[in-house]
Structures are given as structure tokens and as C-alpha cells.
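Right, one structure below, let's go through it.
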Amino acid sequence: VELGAQSIVDRIGQAVEKLLKDNKIAYKDFIAVGIGSPGVIDAARGIVMATSNLKFENVPLAKMLSDRLKKPAILENDANITCWAEHVAGAGKGCDEMLLLTIGTGIGGGIITNGEILHGFDCNGAELGHAIYQPDGRKCGCGQKGCIEAYASASATAARAEEALRGGTKSLLKKVLDEKGCVTCKDVFDHVAAGDALAKEITDGTAKALAQFCISMLHISGPECIVFFGGMTRAGDLFLNPIKKFFNEGIWTIKKERVRFCLAMLGDDAGIIGTASLAMHTQGK
Ligand SMILES: [Zn+2]
């Protein structure tokens, strides 16, 4: 990182060449480069506008790697990449209209419409975590108030549990808070499984927020399936079933909706599968 972007690009180039050699893949069979990156990405121009971990600022990463390897290169943000991977090879396979929500420290997301990633003007689209859920609600790290991320992310779920405990609500989670000084989202879900009333109330709050958000999204982009990705989804049915319940209770009654809710299938491989297949897709392969 200290040596700067060009040095990082050279190292990536060397790694690609070594992988091709080790796997006996001819250079001519290597079609294109796909890059997934966190941070603020201008996918259309292949530029990393800002990212905290690599300290990149306005780095034309796609062009730099394309120049280094003499192959076309595409750049995409990591949430869109995950969404694309699940669209081509995972839970949303075959769905040209889909939505993916990554629920972790924050909430990220991606939208596939007409079989393509939705980018929006200036690549600002599908920043789903910062859609407003509660007018003038809880403060979000982004500077807005009431973002869905401030209610339903793993961090927000843990924070709401801690607030209730510090406010005196009785729960088995109090022991965890006293011992560790904090509670995690996993602690809360573990206590739901153990029958704790506060834990259930907190995770129901998360599920309700996500369900209402999904109702809004159904009316905005009309997905055939909504895929959930990220640490919180490890709770499985404890995570997904309440979302379905609150969705069905809250959705309009004008017509019956057929949208499917599912958990992502590709896990940590989503980034690799997504970037590779998106690079090929962009090359018309
Ligand atoms: Zn926000």
C-alpha cells in the first residue's frame, strides 16, 4: 500500500501471469480481466474514486491493469459483483430481475434489471443500505438519518440490543454484555434460538425493517427473487422466515406477489465467480 497503486497493479499482474503458468493456460486463452473492489467505484470509467484500505484516490485501475496485461479489463464494486455472481451461478440463476442485499457491518446491495447490473447516473444507483427507512430516524454513518442500514445491519441489530439492555430490559443477553462489554449480532440470534424474549424482539425488528424495505423495492424494481448475503444470513431460517412472515403481512392485497426470498449460495467464491463472469459477459463471451 505504501508503494502506491502502480506497485499494487504490478503485483497483481505478476500473480495473474504465475496463475496462468501454474495452470498451463495459454495467454491467448486468457480473455479479459475482471476486478471487484470495495469503495466508491466509477464502473463505467473503470476508476476507483476512493477506498480506505488501499488508500486509492481516483485510480484508473481497469486501464492500469489492462495496460499491464494487454487484455481488456472491467472494474465493478464488490456488492454488484456479488449480485452478478448470484445472478449467473447462484440463488438468482435464471432471474433477469433480481435484488441482492448484503447484510453485514453495513448493508450493501445490487440490482439486476433486464439481465444487467443497474448503475444509475454517476454509478450512484443501488446504494440500497442508504435508502431511507424511517424519516428523521437513527443516525447513519453516511451522514443521513433513518437509513435502512441504521436499523437492520448486523451492527445496528447488536446496537439496538445493547440499548435495550442498558435501558434495563431483562434478558439473558445481559450476562453477555456484562462479561464482554458488548453483544454481537450473532449473540442476539443465538439467544433467539434459546427462547430469549428480548433477542426475539430485536431480531423481529430487523426482519420487519428488511421486509418493509423489500416491499418498497418490489414496487420500485419488481424483482423475481430477493437474495440475502452476508454474515447475518448464517442464522438461516431464523433469519429468513420472519422476513417472509412480515413481508406477507405487510404487502398490498391488490394482487398476489410471486417474489422468492432466498439465501445466497456462493459464499466467499461469489467475488471470484462474479468478476470472471462479468469480464467475459462484457467481452460478449
Ligand atoms: Zn446511510
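Going through the C-alpha cells in order, the chains are called A, B, and so on, while each chain numbers its residues from 1 and the ligands are numbered from 1 in the order shown.
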
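Contacts with ligand 1 are defined as any residue atom within 7 Å of a ligand atom, using only C-alpha atoms and all ligand atoms; the residues meeting this criterion are Gly129, His130, Cys140, Gly141, Cys142, Gly143, Gln144, Lys145, Cys147, Glu149 and Ala150 of chain A.
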
List the spatial neighbours of A:His191 as JSON, numbers by chain - criterion: any atom at most 12 Å away, only C-alpha atoms, same-chain residues fewer than 4 positions off excluded.
{"A": [161, 171, 172, 173, 174, 175, 176, 183, 184, 185, 186, 187, 195, 196, 197, 198, 199, 200, 201, 202, 203, 235, 238]}

Hey, can you check how far atom CA of A:Val192 sits from atom CA of A:Asp178?
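Going from atom CA of A:Val192 over to atom CA of A:Asp178, I get 18.6 Å.
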
Residues within 8 Å of stretch 254-259 of chain A, only C-alpha atoms, excluding chain neighbours under 4 positions, as an mmCIF file with N, CA, C and O atoms, in the first residue's frame:
```cif
data_model
loop_
_atom_site.group_PDB
_atom_site.id
_atom_site.type_symbol
_atom_site.label_atom_id
_atom_site.label_comp_id
_atom_site.auth_asym_id
_atom_site.auth_seq_id
_atom_site.Cartn_x
_atom_site.Cartn_y
_atom_site.Cartn_z
ATOM 1 N N PRO A 223 -38.511 -7.231 -8.522
ATOM 2 C CA PRO A 223 -37.647 -8.415 -8.639
ATOM 3 C C PRO A 223 -38.427 -9.730 -8.630
ATOM 4 O O PRO A 223 -39.487 -9.819 -8.007
ATOM 5 N N GLU A 224 -37.873 -10.720 -9.335
ATOM 6 C CA GLU A 224 -38.429 -12.082 -9.293
ATOM 7 C C GLU A 224 -37.916 -12.782 -8.043
ATOM 8 O O GLU A 224 -38.607 -13.593 -7.445
ATOM 9 N N CYS A 225 -36.676 -12.468 -7.654
ATOM 10 C CA CYS A 225 -36.163 -13.036 -6.409
ATOM 11 C C CYS A 225 -35.304 -12.011 -5.681
ATOM 12 O O CYS A 225 -34.699 -11.129 -6.285
ATOM 13 N N ILE A 226 -35.316 -12.128 -4.354
ATOM 14 C CA ILE A 226 -34.512 -11.264 -3.487
ATOM 15 C C ILE A 226 -33.560 -12.181 -2.726
ATOM 16 O O ILE A 226 -33.987 -13.104 -2.031
#
```

Can you list, as a PyMOL selection string, all residues belonging to stretch 44-260 of chain A that DSSP tags as helix (DSSP H, G or I)?
chain A and resi 61-69+78-89+121-123+128-130+149-152+154-166+173-180+185-193+197-221+231-235+237-250

At what distance in Å, to one decimal, does atom CA of A:Gly39 lie from atom CA of A:Arg234?
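Between atom CA of A:Arg234 and atom CA of A:Gly39 the gap works out to 24.7 Å.
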
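The spacing separating atom CA of A:Lys93 from atom CA of A:Ala270 amounts to 12.8 Å.
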
Selected residue of minimal separation from A:Gly267 among A:Ala126, A:Ala193, A:Val188, A:Ala91, counting only C-alpha atoms:
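Going through A:Ala126, A:Ala193, A:Val188, A:Ala91 one by one, the smallest distance to A:Gly267 is for A:Ala91.
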
Strand (DSSP E) per DSSP on the backbone: members of stretch 47-244 of chain A, as a ChimeraX atom specification:
/A:47-51,56-59,73-77,98-103,107-113,116-117,225-229

From A:Lys24, A:Val40, A:Ala50, A:Ala62, residue lying nearest A:Ile12 [only C-alpha atoms]:
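Ranked by minimum distance to A:Ile12, first place goes to A:Ala62.
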